[in-house]
Structures are given as structure tokens and as C-alpha cells.
$ cat entry_19.pdb   # PDB, C-alpha atoms
ATOM      1  CA  MET A  19      -9.462  65.275 214.403  1.00  0.00           C
ATOM      2  CA  HIS A  20     -11.851  62.762 212.864  1.00  0.00           C
ATOM      3  CA  SER A  21     -13.426  61.920 216.224  1.00  0.00           C
ATOM      4  CA  ALA A  22     -14.010  65.615 216.954  1.00  0.00           C
ATOM      5  CA  LEU A  23     -15.674  66.001 213.566  1.00  0.00           C
ATOM      6  CA  LEU A  24     -17.836  62.970 214.235  1.00  0.00           C
ATOM      7  CA  LYS A  25     -19.027  64.365 217.557  1.00  0.00           C
ATOM      8  CA  SER A  26     -19.882  67.689 215.901  1.00  0.00           C
ATOM      9  CA  GLY A  27     -21.340  66.312 212.678  1.00  0.00           C
ATOM     10  CA  GLY A  28     -24.929  66.561 213.791  1.00  0.00           C
ATOM     11  CA  THR A  29     -24.697  69.980 215.440  1.00  0.00           C
ATOM     12  CA  LEU A  30     -22.474  72.170 213.247  1.00  0.00           C
ATOM     13  CA  SER A  31     -23.110  73.555 209.779  1.00  0.00           C
ATOM     14  CA  THR A  32     -21.255  72.257 206.749  1.00  0.00           C
ATOM     15  CA  ALA A  33     -19.245  75.494 206.682  1.00  0.00           C
ATOM     16  CA  ASP A  34     -18.162  75.093 210.302  1.00  0.00           C
ATOM     17  CA  LEU A  35     -17.247  71.463 209.714  1.00  0.00           C
ATOM     18  CA  MET A  36     -15.126  72.431 206.688  1.00  0.00           C
ATOM     19  CA  VAL A  37     -13.173  74.875 208.828  1.00  0.00           C
ATOM     20  CA  MET A  38     -12.821  72.317 211.610  1.00  0.00           C
ATOM     21  CA  ALA A  39     -11.491  69.729 209.152  1.00  0.00           C
ATOM     22  CA  ALA A  40      -9.049  72.261 207.692  1.00  0.00           C
ATOM     23  CA  GLN A  41      -7.784  73.310 211.113  1.00  0.00           C
ATOM     24  CA  GLY A  42      -7.382  69.672 212.074  1.00  0.00           C
ATOM     25  CA  LEU A  43      -4.884  69.316 209.237  1.00  0.00           C
ATOM     26  CA  TYR A  44      -2.672  72.234 210.309  1.00  0.00           C
ATOM     27  CA  GLY A  45       0.965  71.291 209.913  1.00  0.00           C
ATOM     28  CA  THR A  46       0.362  68.389 207.520  1.00  0.00           C
ATOM     29  CA  PRO A  47       3.399  68.313 205.193  1.00  0.00           C
ATOM     30  CA  TYR A  48       2.977  69.537 201.624  1.00  0.00           C
ATOM     31  CA  VAL A  49       4.256  66.914 199.199  1.00  0.00           C
ATOM     32  CA  ALA A  50       3.878  67.462 195.462  1.00  0.00           C
ATOM     33  CA  GLY A  51       2.884  64.503 193.299  1.00  0.00           C
ATOM     34  CA  THR A  52       1.390  62.477 196.131  1.00  0.00           C
ATOM     35  CA  LEU A  53      -0.908  60.596 193.755  1.00  0.00           C
ATOM     36  CA  ASP A  54       1.803  59.766 191.219  1.00  0.00           C
ATOM     37  CA  GLU A  55       4.379  57.856 193.218  1.00  0.00           C
ATOM     38  CA  ASP A  56       4.307  54.665 191.148  1.00  0.00           C
ATOM     39  CA  PRO A  57       3.614  55.405 187.490  1.00  0.00           C
ATOM     40  CA  PRO A  58       2.408  54.020 185.179  1.00  0.00           C
ATOM     41  CA  ARG A  59       0.095  52.079 187.543  1.00  0.00           C
ATOM     42  CA  GLU A  60      -2.847  53.984 188.990  1.00  0.00           C
ATOM     43  CA  VAL A  61      -3.108  53.024 192.652  1.00  0.00           C
ATOM     44  CA  PRO A  62      -5.809  54.720 194.767  1.00  0.00           C
ATOM     45  CA  ARG A  63      -4.010  56.620 197.517  1.00  0.00           C
ATOM     46  CA  LEU A  64      -5.536  58.166 200.621  1.00  0.00           C
ATOM     47  CA  TYR A  65      -3.408  60.223 202.986  1.00  0.00           C
ATOM     48  CA  LEU A  66      -3.936  62.159 206.185  1.00  0.00           C
ATOM     49  CA  THR A  67      -0.179  62.494 206.714  1.00  0.00           C
ATOM     50  CA  LYS A  68       0.805  64.440 203.573  1.00  0.00           C
ATOM     51  CA  THR A  69      -1.028  66.485 200.995  1.00  0.00           C
ATOM     52  CA  ASP A  70      -1.038  68.964 198.160  1.00  0.00           C
ATOM     53  CA  CYS A  71      -3.530  71.789 197.677  1.00  0.00           C
ATOM     54  CA  ILE A  72      -6.327  69.904 195.927  1.00  0.00           C
ATOM     55  CA  ILE A  73      -5.932  66.776 198.061  1.00  0.00           C
ATOM     56  CA  PHE A  74      -6.220  69.017 201.131  1.00  0.00           C
ATOM     57  CA  VAL A  75      -9.575  70.444 200.001  1.00  0.00           C
ATOM     58  CA  GLU A  76     -10.762  67.041 198.762  1.00  0.00           C
ATOM     59  CA  THR A  77      -9.855  65.483 202.115  1.00  0.00           C
ATOM     60  CA  CYS A  78     -11.739  68.147 204.082  1.00  0.00           C
ATOM     61  CA  LEU A  79     -14.881  67.801 201.974  1.00  0.00           C
ATOM     62  CA  ALA A  80     -14.757  63.989 202.069  1.00  0.00           C
ATOM     63  CA  LEU A  81     -14.321  63.962 205.849  1.00  0.00           C
ATOM     64  CA  VAL A  82     -17.243  66.336 206.315  1.00  0.00           C
ATOM     65  CA  LYS A  83     -19.549  64.404 203.998  1.00  0.00           C
ATOM     66  CA  ALA A  84     -18.582  61.075 205.553  1.00  0.00           C
ATOM     67  CA  VAL A  85     -19.249  62.444 209.038  1.00  0.00           C
ATOM     68  CA  GLN A  86     -22.612  63.929 208.040  1.00  0.00           C
ATOM     69  CA  ALA A  87     -23.725  60.550 206.705  1.00  0.00           C
ATOM     70  CA  ALA A  88     -22.152  58.574 209.529  1.00  0.00           C
ATOM     71  CA  ASP A  89     -23.551  55.851 211.690  1.00  0.00           C
ATOM     72  CA  VAL A  90     -21.664  56.605 214.906  1.00  0.00           C
ATOM     73  CA  ASP A  91     -21.454  52.891 215.718  1.00  0.00           C
ATOM     74  CA  ALA A  92     -19.906  51.942 212.366  1.00  0.00           C
ATOM     75  CA  PRO A  93     -16.277  52.222 211.189  1.00  0.00           C
ATOM     76  CA  GLN A  94     -15.715  55.625 209.604  1.00  0.00           C
ATOM     77  CA  PHE A  95     -12.633  55.164 207.400  1.00  0.00           C
ATOM     78  CA  PRO A  96     -14.412  53.104 204.715  1.00  0.00           C
ATOM     79  CA  ALA A  97     -17.041  55.836 204.335  1.00  0.00           C
ATOM     80  CA  TYR A  98     -14.326  58.475 204.027  1.00  0.00           C
ATOM     81  CA  ALA A  99     -12.428  56.381 201.482  1.00  0.00           C
ATOM     82  CA  LEU A 100     -15.520  55.924 199.329  1.00  0.00           C
ATOM     83  CA  LYS A 101     -16.186  59.660 199.401  1.00  0.00           C
ATOM     84  CA  VAL A 102     -12.636  60.454 198.272  1.00  0.00           C
ATOM     85  CA  LEU A 103     -12.606  57.905 195.471  1.00  0.00           C
ATOM     86  CA  GLY A 104     -16.047  59.004 194.305  1.00  0.00           C
ATOM     87  CA  MET A 105     -14.754  62.564 194.011  1.00  0.00           C
ATOM     88  CA  ARG A 106     -11.428  61.647 192.440  1.00  0.00           C
ATOM     89  CA  TYR A 107     -12.495  59.283 189.658  1.00  0.00           C
ATOM     90  CA  ARG A 108     -15.262  59.428 187.085  1.00  0.00           C
ATOM     91  CA  THR A 109     -15.522  55.613 186.933  1.00  0.00           C
ATOM     92  CA  LYS A 110     -15.636  52.640 189.271  1.00  0.00           C
ATOM     93  CA  PRO A 111     -12.559  50.420 189.801  1.00  0.00           C
ATOM     94  CA  PRO A 112     -10.255  49.354 188.315  1.00  0.00           C
ATOM     95  CA  TYR A 113      -9.029  52.923 188.124  1.00  0.00           C
ATOM     96  CA  SER A 114      -6.715  54.366 185.499  1.00  0.00           C
ATOM     97  CA  TYR A 115      -4.828  57.638 185.143  1.00  0.00           C
ATOM     98  CA  GLY A 116      -7.155  58.706 182.364  1.00  0.00           C
ATOM     99  CA  ASP A 117     -10.185  58.111 184.591  1.00  0.00           C
ATOM    100  CA  ARG A 118      -8.846  60.357 187.335  1.00  0.00           C
ATOM    101  CA  ILE A 119     -10.356  63.861 187.489  1.00  0.00           C
ATOM    102  CA  HIS A 120      -7.349  66.103 186.896  1.00  0.00           C
ATOM    103  CA  TYR A 121      -8.972  69.502 186.385  1.00  0.00           C
ATOM    104  CA  THR A 122     -10.482  71.254 189.395  1.00  0.00           C
ATOM    105  CA  THR A 123     -13.244  72.630 187.180  1.00  0.00           C
ATOM    106  CA  GLU A 124     -14.426  69.097 186.410  1.00  0.00           C
ATOM    107  CA  TRP A 125     -14.082  68.134 190.079  1.00  0.00           C
ATOM    108  CA  ILE A 126     -16.395  71.022 191.014  1.00  0.00           C
ATOM    109  CA  ARG A 127     -18.964  70.288 188.316  1.00  0.00           C
ATOM    110  CA  ARG A 128     -19.215  66.645 189.321  1.00  0.00           C
ATOM    111  CA  GLN A 129     -19.998  67.446 192.968  1.00  0.00           C
ATOM    112  CA  LYS A 130     -23.346  69.155 192.375  1.00  0.00           C
ATOM    113  CA  ALA A 131     -24.959  67.380 195.333  1.00  0.00           C
ATOM    114  CA  SER A 132     -22.219  68.669 197.656  1.00  0.00           C
ATOM    115  CA  LEU A 133     -21.068  71.959 196.122  1.00  0.00           C
ATOM    116  CA  LYS A 134     -22.618  75.115 194.691  1.00  0.00           C
ATOM    117  CA  ASP A 135     -20.576  77.425 192.484  1.00  0.00           C
ATOM    118  CA  VAL A 136     -21.524  80.904 193.736  1.00  0.00           C
ATOM    119  CA  THR A 137     -19.008  82.796 191.595  1.00  0.00           C
ATOM    120  CA  LEU A 138     -21.618  84.603 189.502  1.00  0.00           C
ATOM    121  CA  ASP A 139     -23.699  85.391 192.587  1.00  0.00           C
ATOM    122  CA  LEU A 140     -20.690  87.203 194.063  1.00  0.00           C
ATOM    123  CA  GLY A 141     -20.201  89.440 191.038  1.00  0.00           C
ATOM    124  CA  GLY A 142     -18.264  87.064 188.817  1.00  0.00           C
ATOM    125  CA  GLU A 143     -18.436  86.886 185.070  1.00  0.00           C
ATOM    126  CA  VAL A 144     -18.135  84.478 182.169  1.00  0.00           C
ATOM    127  CA  TYR A 145     -14.813  84.477 180.349  1.00  0.00           C
ATOM    128  CA  ASP A 146     -13.189  82.679 177.452  1.00  0.00           C
ATOM    129  CA  HIS A 147     -10.475  80.361 178.735  1.00  0.00           C
ATOM    130  CA  PRO A 148     -10.369  76.962 176.985  1.00  0.00           C
ATOM    131  CA  ILE A 149      -8.924  74.094 179.054  1.00  0.00           C
ATOM    132  CA  HIS A 150      -6.265  72.008 177.299  1.00  0.00           C
ATOM    133  CA  PHE A 151      -3.137  72.240 179.439  1.00  0.00           C
ATOM    134  CA  MET A 152      -2.567  68.500 179.901  1.00  0.00           C
ATOM    135  CA  THR A 153      -2.959  67.509 176.275  1.00  0.00           C
ATOM    136  CA  SER A 154      -0.894  70.498 175.124  1.00  0.00           C
ATOM    137  CA  ASN A 155       1.874  69.571 177.564  1.00  0.00           C
ATOM    138  CA  SER A 156       1.539  65.782 177.578  1.00  0.00           C
ATOM    139  CA  SER A 157       5.302  65.252 177.348  1.00  0.00           C
ATOM    140  CA  SER A 158       5.622  66.751 180.848  1.00  0.00           C
ATOM    141  CA  TYR A 159       3.491  63.986 182.413  1.00  0.00           C
ATOM    142  CA  LYS A 160       5.115  60.622 183.075  1.00  0.00           C
ATOM    143  CA  GLN A 161       1.857  58.788 182.430  1.00  0.00           C
ATOM    144  CA  LEU A 162       1.311  60.515 179.056  1.00  0.00           C
ATOM    145  CA  ALA A 163       4.784  61.137 177.668  1.00  0.00           C
ATOM    146  CA  ASP A 164       4.967  57.855 175.694  1.00  0.00           C
ATOM    147  CA  ALA A 165       1.501  58.092 174.165  1.00  0.00           C
ATOM    148  CA  ASP A 166       2.925  57.576 170.666  1.00  0.00           C
ATOM    149  CA  ASN A 167       4.343  54.201 171.632  1.00  0.00           C
ATOM    150  CA  VAL A 168       2.537  52.881 174.720  1.00  0.00           C
ATOM    151  CA  PRO A 169      -1.165  51.929 174.408  1.00  0.00           C
ATOM    152  CA  ARG A 170      -1.878  52.628 178.087  1.00  0.00           C
ATOM    153  CA  ALA A 171      -0.538  56.173 177.755  1.00  0.00           C
ATOM    154  CA  ALA A 172      -2.380  56.706 174.476  1.00  0.00           C
ATOM    155  CA  LEU A 173      -5.669  55.653 176.079  1.00  0.00           C
ATOM    156  CA  ALA A 174      -5.087  57.961 179.066  1.00  0.00           C
ATOM    157  CA  LEU A 175      -4.319  60.879 176.756  1.00  0.00           C
ATOM    158  CA  ARG A 176      -7.470  60.224 174.740  1.00  0.00           C
ATOM    159  CA  LYS A 177      -9.627  60.154 177.894  1.00  0.00           C
ATOM    160  CA  ILE A 178      -8.130  63.411 179.116  1.00  0.00           C
ATOM    161  CA  ALA A 179      -8.732  65.022 175.714  1.00  0.00           C
ATOM    162  CA  GLU A 180     -12.368  63.889 175.930  1.00  0.00           C
ATOM    163  CA  ALA A 181     -12.659  65.412 179.405  1.00  0.00           C
ATOM    164  CA  GLU A 182     -11.236  68.706 178.134  1.00  0.00           C
ATOM    165  CA  ALA A 183     -13.738  68.726 175.272  1.00  0.00           C
ATOM    166  CA  GLN A 184     -16.583  68.090 177.713  1.00  0.00           C
ATOM    167  CA  LEU A 185     -15.448  70.966 179.932  1.00  0.00           C
ATOM    168  CA  ALA A 186     -15.590  73.284 176.926  1.00  0.00           C
ATOM    169  CA  LYS A 187     -19.356  72.720 176.644  1.00  0.00           C
ATOM    170  CA  GLU A 188     -20.026  74.853 179.716  1.00  0.00           C
ATOM    171  CA  PRO A 189     -18.828  78.461 180.181  1.00  0.00           C
ATOM    172  CA  MET A 190     -15.965  79.279 182.492  1.00  0.00           C
ATOM    173  CA  THR A 191     -16.654  81.773 185.279  1.00  0.00           C
ATOM    174  CA  TYR A 192     -14.454  83.771 187.612  1.00  0.00           C
ATOM    175  CA  ILE A 193     -14.198  86.934 189.668  1.00  0.00           C
ATOM    176  CA  PRO A 194     -11.423  88.944 187.982  1.00  0.00           C
ATOM    177  CA  SER A 195      -8.460  89.813 190.167  1.00  0.00           C
ATOM    178  CA  ASP A 196      -9.313  93.525 190.224  1.00  0.00           C
ATOM    179  CA  LYS A 197     -12.768  92.734 191.643  1.00  0.00           C
ATOM    180  CA  VAL A 198     -11.766  90.200 194.303  1.00  0.00           C
ATOM    181  CA  ALA A 199     -11.378  92.765 197.091  1.00  0.00           C
ATOM    182  CA  GLU A 200     -14.888  94.084 196.417  1.00  0.00           C
ATOM    183  CA  ALA A 201     -16.398  90.578 196.356  1.00  0.00           C
ATOM    184  CA  ALA A 202     -14.523  89.381 199.447  1.00  0.00           C
ATOM    185  CA  SER A 203     -17.173  90.623 201.882  1.00  0.00           C
ATOM    186  CA  GLN A 204     -19.566  88.006 200.484  1.00  0.00           C
ATOM    187  CA  ILE A 205     -17.165  85.094 201.017  1.00  0.00           C
ATOM    188  CA  ARG A 206     -17.998  82.859 203.975  1.00  0.00           C
ATOM    189  CA  SER A 207     -15.845  80.644 206.167  1.00  0.00           C
ATOM    190  CA  GLY A 208     -15.763  77.150 204.704  1.00  0.00           C
ATOM    191  CA  ASP A 209     -16.097  78.296 201.084  1.00  0.00           C
ATOM    192  CA  ILE A 210     -13.683  76.657 198.666  1.00  0.00           C
ATOM    193  CA  ILE A 211     -11.546  79.299 196.951  1.00  0.00           C
ATOM    194  CA  CYS A 212     -10.169  78.374 193.539  1.00  0.00           C
ATOM    195  CA  PHE A 213      -7.445  80.661 192.222  1.00  0.00           C
ATOM    196  CA  THR A 214      -7.921  80.788 188.468  1.00  0.00           C
ATOM    197  CA  SER A 215      -4.869  80.761 186.242  1.00  0.00           C
ATOM    198  CA  SER A 216      -3.754  83.099 183.477  1.00  0.00           C
ATOM    199  CA  VAL A 217      -1.639  80.273 182.021  1.00  0.00           C
ATOM    200  CA  GLU A 218      -2.965  79.198 178.625  1.00  0.00           C
ATOM    201  CA  GLY A 219      -5.064  76.032 178.856  1.00  0.00           C
ATOM    202  CA  LEU A 220      -4.970  75.785 182.672  1.00  0.00           C
ATOM    203  CA  ASP A 221      -8.130  76.411 184.651  1.00  0.00           C
ATOM    204  CA  ILE A 222      -7.124  76.624 188.313  1.00  0.00           C
ATOM    205  CA  SER A 223      -3.647  76.753 189.818  1.00  0.00           C
ATOM    206  CA  HIS A 224      -4.388  76.585 193.549  1.00  0.00           C
ATOM    207  CA  VAL A 225      -7.251  75.922 195.968  1.00  0.00           C
ATOM    208  CA  ALA A 226      -7.920  76.815 199.597  1.00  0.00           C
ATOM    209  CA  ILE A 227     -10.639  77.011 202.240  1.00  0.00           C
ATOM    210  CA  ALA A 228     -11.854  80.451 203.261  1.00  0.00           C
ATOM    211  CA  PHE A 229     -11.577  81.439 206.908  1.00  0.00           C
ATOM    212  CA  VAL A 230     -13.277  84.695 207.894  1.00  0.00           C
ATOM    213  CA  GLU A 231     -12.180  86.006 211.280  1.00  0.00           C
ATOM    214  CA  GLU A 232     -13.074  89.440 212.724  1.00  0.00           C
ATOM    215  CA  GLY A 233     -13.830  90.722 209.239  1.00  0.00           C
ATOM    216  CA  ARG A 234     -10.564  89.459 207.773  1.00  0.00           C
ATOM    217  CA  VAL A 235     -11.265  87.247 204.738  1.00  0.00           C
ATOM    218  CA  GLY A 236      -8.341  84.866 204.918  1.00  0.00           C
ATOM    219  CA  PHE A 237      -7.783  81.246 203.988  1.00  0.00           C
ATOM    220  CA  ILE A 238      -6.325  77.910 205.016  1.00  0.00           C
ATOM    221  CA  HIS A 239      -4.362  75.946 202.428  1.00  0.00           C
ATOM    222  CA  ALA A 240      -1.624  73.439 201.739  1.00  0.00           C
ATOM    223  CA  SER A 241       1.172  75.893 201.032  1.00  0.00           C
ATOM    224  CA  GLN A 242       4.052  74.793 198.830  1.00  0.00           C
ATOM    225  CA  ALA A 243       6.097  77.782 199.994  1.00  0.00           C
ATOM    226  CA  GLU A 244       5.589  76.941 203.687  1.00  0.00           C
ATOM    227  CA  GLY A 245       5.780  73.207 203.081  1.00  0.00           C
ATOM    228  CA  LYS A 246       2.648  72.442 205.108  1.00  0.00           C
ATOM    229  CA  VAL A 247      -1.001  73.247 205.759  1.00  0.00           C
ATOM    230  CA  VAL A 248      -1.264  76.733 207.266  1.00  0.00           C
ATOM    231  CA  LYS A 249      -3.602  79.644 207.873  1.00  0.00           C
ATOM    232  CA  ASP A 250      -2.065  82.117 205.470  1.00  0.00           C
ATOM    233  CA  ARG A 251      -0.888  85.476 206.742  1.00  0.00           C
ATOM    234  CA  ARG A 252      -2.469  87.224 203.762  1.00  0.00           C
ATOM    235  CA  THR A 253      -6.094  87.822 202.881  1.00  0.00           C
ATOM    236  CA  ILE A 254      -7.525  86.260 199.735  1.00  0.00           C
ATOM    237  CA  ALA A 255      -7.381  89.647 197.988  1.00  0.00           C
ATOM    238  CA  GLU A 256      -3.737  90.139 198.984  1.00  0.00           C
ATOM    239  CA  TYR A 257      -2.808  86.672 197.741  1.00  0.00           C
ATOM    240  CA  VAL A 258      -4.416  87.333 194.358  1.00  0.00           C
ATOM    241  CA  ALA A 259      -2.680  90.720 194.047  1.00  0.00           C
ATOM    242  CA  ARG A 260       0.857  89.346 194.378  1.00  0.00           C
ATOM    243  CA  PRO A 261       3.082  90.556 191.521  1.00  0.00           C
ATOM    244  CA  GLY A 262       3.866  87.854 188.967  1.00  0.00           C
ATOM    245  CA  SER A 263       1.495  85.298 190.494  1.00  0.00           C
ATOM    246  CA  LYS A 264      -0.238  84.347 187.201  1.00  0.00           C
ATOM    247  CA  ILE A 265      -3.541  84.345 189.102  1.00  0.00           C
ATOM    248  CA  SER A 266      -6.328  85.849 187.005  1.00  0.00           C
ATOM    249  CA  GLY A 267      -8.976  85.818 189.745  1.00  0.00           C
ATOM    250  CA  ILE A 268     -10.986  83.369 191.828  1.00  0.00           C
ATOM    251  CA  LYS A 269     -13.931  81.016 191.753  1.00  0.00           C
ATOM    252  CA  VAL A 270     -15.945  80.616 194.944  1.00  0.00           C
ATOM    253  CA  VAL A 271     -17.592  77.264 195.600  1.00  0.00           C
ATOM    254  CA  ARG A 272     -19.848  76.726 198.607  1.00  0.00           C
ATOM    255  CA  PRO A 273     -20.129  73.284 200.286  1.00  0.00           C
ATOM    256  CA  LEU A 274     -23.768  72.330 200.880  1.00  0.00           C
TER     257      LEU A 274
END
$ encode --input "entry_19.pdb" --output "C-alpha cells"
Amino acid sequence: MHSALLKSGGTLSTADLMVMAAQGLYGTPYVAGTLDEDPPREVPRLYLTKTDCIIFVETCLALVKAVQAADVDAPQFPAYALKVLGMRYRTKPPYSYGDRIHYTTEWIRRQKASLKDVTLDLGGEVYDHPIHFMTSNSSSYKQLADADNVPRAALALRKIAEAEAQLAKEPMTYIPSDKVAEAASQIRSGDIICFTSSVEGLDISHVAIAFVEEGRVGFIHASQAEGKVVKDRRTIAEYVARPGSKISGIKVVRPL
């Protein structure tokens, strides 16, 4: 998959490369918690053999950006690794859990050279949805649960609280669920689709890569239900409209 991307890196658009990277990961097993296998230590982990939804999108974007900047005669994995780690952490090594970018909204905002949020351009709107899920539910996270007693956990919790406060300085945007079908015609293959959450304090619950085929605005994602990376049978609008999904709408982010 990587060699095919490399050969096409100079001839295909970023959107086409995103789709190619996503298709190259078809069948990759979905494994929840892939970055948290050895708490409380924070060990940088890079996988092409298992994934979750955000790692899937992160991997595709990192592969594309590494290929676009590639020297074809140089080893490619180090460039890919640097791209991933640069997207995943807000600091240089040594990394810590508190330095990892946990909210997709922050991940998007920090990739301004590589991503453009086109949500408002597609008919989206600003809405009031403060982000505080991790600090409000810290006892559910192994790395944060002992913050009252363990200095490392207390520091991580403080850094995450600071990140949440920083996110609150910019407005949240989304396309409400009842307007997604209307906006879908403006979505392009390769766009990153972020399914916004109605859960209090949580910004985005799932991410995918749009795949438009014969007018059908579908998507490729790491599906927990299917247990692997798949091209979903539903359109984006159908996925949002599922009863009881707790999806409030979508953000659309365009790789540059």
C-alpha cells in the first residue's frame, strides 16, 4: 500500500491519495485502546496492523503527507512516524499522556497547514457545546483515575483541563443532523467526516473518510461494529440518522 502511494504521490491529488490510503487499510482489525496498552507509561505507538477510528484517519493523513514530501530514494517509515507523532502530541519527546492530543477538535485545529475546516462553507453553524468530557469523567481513565494521589496522574489531568479551556476560546461548528442530507452533495471524496456528539462535554464520537461514488456520498472507517476497516454500506446521512446514535451532526474537514 505504501509503495503504491509513493508511486502516485506526485501525480494524484491529496483527496485521491486519502482515498487510496483508506482503501489500502481495508480489513485492518479494529482494536479499541490501541494507544493505552501499558499505562501509566506513555509509549509512542505506530500501527498499520490494527487501528481505531481516529488512528485510522491519522494514519491515512500521515501517510499522504509523508509521501507528498518524500525523497523516493530515502527510507519512508521515519518520515511517516514523524508525521504521526507531530499530529498526536503537542510537545516534543519525552511524551506524556497529558501531552497527547485527545480531542479530535484540537487535532483538527493544530493541523492548519494540512487541513481546512469547511463545515461553515457547507452550511454549518456555530453551536454551544463546551468540551470537558475527560476531566468530568477522569475516574474512567486509567491514566487519570488516581489524580488525587499520584503526581503523574495529577499533572496529566491538569494538562488536559488546560487543553479543554483552550478549546473553549474558539467556537464549535457543525452541520446539524437534520441538514446533513442537504449538505452531502458538497462533500468530496477524501474529506474527513467528524460525527459530532450529543453527549455532554464530548466533541466528536467517530471519524471517517468520505468516499463519493456514482453520486452516493458514503464513507470508509474503522468500524467497531464490523471489527475492521470497511467501506460502510450506509451513506453519511443514513449513518447520522440512525435512531439512538447520539450523533448531533457532522464536521467536514478537507485535507490540503
$ axis_aligned_box --input "entry_19.pdb" --around "region 237-245 of chain A" --padding-each-side "3 Å" --output "lines of an AutoDock Vina configuration file"
center_x = -0.8
center_y = 77.2
center_z = 201.9
size_x = 19.9
size_y = 14.0
size_z = 12.2
$ resolve_selection --input "entry_19.pdb" --expression "the PyMOL selection byres ((chain A and resi 48-50) around 9)" --output "MDAnalysis selection string"
chainID A and resid 45:47 51:53 68:71 240:247
$ write_last_selection --input "entry_19.pdb" --atoms "C-alpha atoms" --output "mmCIF file, in the frame of the given file"
data_model
loop_
_atom_site.group_PDB
_atom_site.id
_atom_site.type_symbol
_atom_site.label_atom_id
_atom_site.label_comp_id
_atom_site.auth_asym_id
_atom_site.auth_seq_id
_atom_site.Cartn_x
_atom_site.Cartn_y
_atom_site.Cartn_z
ATOM 1 C CA GLY A 45 0.965 71.291 209.913
ATOM 2 C CA THR A 46 0.362 68.389 207.520
ATOM 3 C CA PRO A 47 3.399 68.313 205.193
ATOM 4 C CA GLY A 51 2.884 64.503 193.299
ATOM 5 C CA THR A 52 1.390 62.477 196.131
ATOM 6 C CA LEU A 53 -0.908 60.596 193.755
ATOM 7 C CA LYS A 68 0.805 64.440 203.573
ATOM 8 C CA THR A 69 -1.028 66.485 200.995
ATOM 9 C CA ASP A 70 -1.038 68.964 198.160
ATOM 10 C CA CYS A 71 -3.530 71.789 197.677
ATOM 11 C CA ALA A 240 -1.624 73.439 201.739
ATOM 12 C CA SER A 241 1.172 75.893 201.032
ATOM 13 C CA GLN A 242 4.052 74.793 198.830
ATOM 14 C CA ALA A 243 6.097 77.782 199.994
ATOM 15 C CA GLU A 244 5.589 76.941 203.687
ATOM 16 C CA GLY A 245 5.780 73.207 203.081
ATOM 17 C CA LYS A 246 2.648 72.442 205.108
ATOM 18 C CA VAL A 247 -1.001 73.247 205.759
#
$ residues_around --input "entry_19.pdb" --residues "Arg206 (chain A)" --least-positions-apart "2" --cutoff "8 Å" --atoms "only C-alpha atoms" --output "list in words"
Ala33, Gln204, Gly208, Asp209, Ala228, Phe229 and Val230 of chain A
$ atom_distance --input "entry_19.pdb" --atom1 "CA of Phe213 (chain A)" --atom2 "CA of Leu140 (chain A)"
14.9 Å
$ atom_distance --input "entry_19.pdb" --atom1 "CA of Ala174 (chain A)" --atom2 "CA of Gln129 (chain A)"
22.5 Å
$ atom_distance --input "entry_19.pdb" --atom1 "CA of Ala186 (chain A)" --atom2 "CA of Val75 (chain A)"
24.0 Å
$ residues_near_point --input "entry_19.pdb" --point "(-14.7, 68.6, 191.2)" --cutoff "12 Å" --atoms "only C-alpha atoms" --output "ChimeraX atom specification"
/A:72-73,75-76,79-80,102-108,118-135,185,210,212,222,225,271,273
$ closest_residue --input "entry_19.pdb" --among "A:Phe237, A:Tyr257, A:Tyr159, A:Tyr65" --to "Ser207 (chain A)" --atoms "all atoms listed in the file"
A:Phe237
$ residues_near_point --input "entry_19.pdb" --point "(-3.2, 60.4, 176.4)" --cutoff "10 Å" --atoms "only C-alpha atoms" --output "ChimeraX atom specification"
/A:115-116,152-153,156-157,159,161-166,168-180
$ resolve_selection --input "entry_19.pdb" --expression "the PyMOL selection byres ((chain A and resi 31) around 10)" --output "count of residues only"
15
$ resolve_selection --input "entry_19.pdb" --expression "the PyMOL selection byres ((chain A and resi 150) around 7)" --output "PyMOL selection string"
chain A and resi 148-149+151-154+182+219-220
$ write_last_selection --input "entry_19.pdb" --atoms "C-alpha atoms" --output "JSON list (two decimals), in the coordinates of the input"
[["chain", "number", "residue", "atom", "x", "y", "z"],
["A", 148, "PRO", "CA", -10.37, 76.96, 176.98],
["A", 149, "ILE", "CA", -8.92, 74.09, 179.05],
["A", 151, "PHE", "CA", -3.14, 72.24, 179.44],
["A", 152, "MET", "CA", -2.57, 68.50, 179.90],
["A", 153, "THR", "CA", -2.96, 67.51, 176.28],
["A", 154, "SER", "CA", -0.89, 70.50, 175.12],
["A", 182, "GLU", "CA", -11.24, 68.71, 178.13],
["A", 219, "GLY", "CA", -5.06, 76.03, 178.86],
["A", 220, "LEU", "CA", -4.97, 75.78, 182.67]]
$ closest_residue --input "entry_19.pdb" --among "A:Val61, A:Ile265, A:Leu100, A:Val136" --to "Val217 (chain A)" --atoms "all atoms listed in the file"
A:Ile265
$ decode --input "entry_19.pdb" --residues "region 151-161 of chain A" --atoms "N, CA and C atoms" --output "PDB file, in the first residue's frame"
ATOM      1  N   PHE A 151     -15.317  16.485  28.655  1.00  0.00           N
ATOM      2  CA  PHE A 151     -15.665  15.090  28.947  1.00  0.00           C
ATOM      3  C   PHE A 151     -14.599  14.382  29.775  1.00  0.00           C
ATOM      4  N   MET A 152     -13.327  14.565  29.436  1.00  0.00           N
ATOM      5  CA  MET A 152     -12.270  13.812  30.117  1.00  0.00           C
ATOM      6  C   MET A 152     -12.102  14.253  31.566  1.00  0.00           C
ATOM      7  N   THR A 153     -12.126  15.540  31.806  1.00  0.00           N
ATOM      8  CA  THR A 153     -11.981  15.984  33.196  1.00  0.00           C
ATOM      9  C   THR A 153     -13.229  15.647  34.011  1.00  0.00           C
ATOM     10  N   SER A 154     -14.395  15.685  33.386  1.00  0.00           N
ATOM     11  CA  SER A 154     -15.630  15.365  34.105  1.00  0.00           C
ATOM     12  C   SER A 154     -15.769  13.871  34.380  1.00  0.00           C
ATOM     13  N   ASN A 155     -15.040  13.067  33.618  1.00  0.00           N
ATOM     14  CA  ASN A 155     -15.112  11.610  33.777  1.00  0.00           C
ATOM     15  C   ASN A 155     -13.729  11.008  34.008  1.00  0.00           C
ATOM     16  N   SER A 156     -12.887  11.734  34.723  1.00  0.00           N
ATOM     17  CA  SER A 156     -11.487  11.316  34.891  1.00  0.00           C
ATOM     18  C   SER A 156     -11.346   9.945  35.549  1.00  0.00           C
ATOM     19  N   SER A 157     -12.292   9.568  36.389  1.00  0.00           N
ATOM     20  CA  SER A 157     -12.197   8.273  37.066  1.00  0.00           C
ATOM     21  C   SER A 157     -12.318   7.102  36.096  1.00  0.00           C
ATOM     22  N   SER A 158     -12.806   7.364  34.881  1.00  0.00           N
ATOM     23  CA  SER A 158     -12.961   6.305  33.881  1.00  0.00           C
ATOM     24  C   SER A 158     -11.685   6.050  33.082  1.00  0.00           C
ATOM     25  N   TYR A 159     -10.675   6.912  33.270  1.00  0.00           N
ATOM     26  CA  TYR A 159      -9.415   6.784  32.529  1.00  0.00           C
ATOM     27  C   TYR A 159      -8.320   6.274  33.464  1.00  0.00           C
ATOM     28  N   LYS A 160      -7.680   5.186  33.063  1.00  0.00           N
ATOM     29  CA  LYS A 160      -6.650   4.586  33.917  1.00  0.00           C
ATOM     30  C   LYS A 160      -5.530   5.563  34.242  1.00  0.00           C
ATOM     31  N   GLN A 161      -5.196   6.423  33.304  1.00  0.00           N
ATOM     32  CA  GLN A 161      -4.082   7.345  33.494  1.00  0.00           C
ATOM     33  C   GLN A 161      -4.459   8.556  34.354  1.00  0.00           C
TER      34      GLN A 161
END
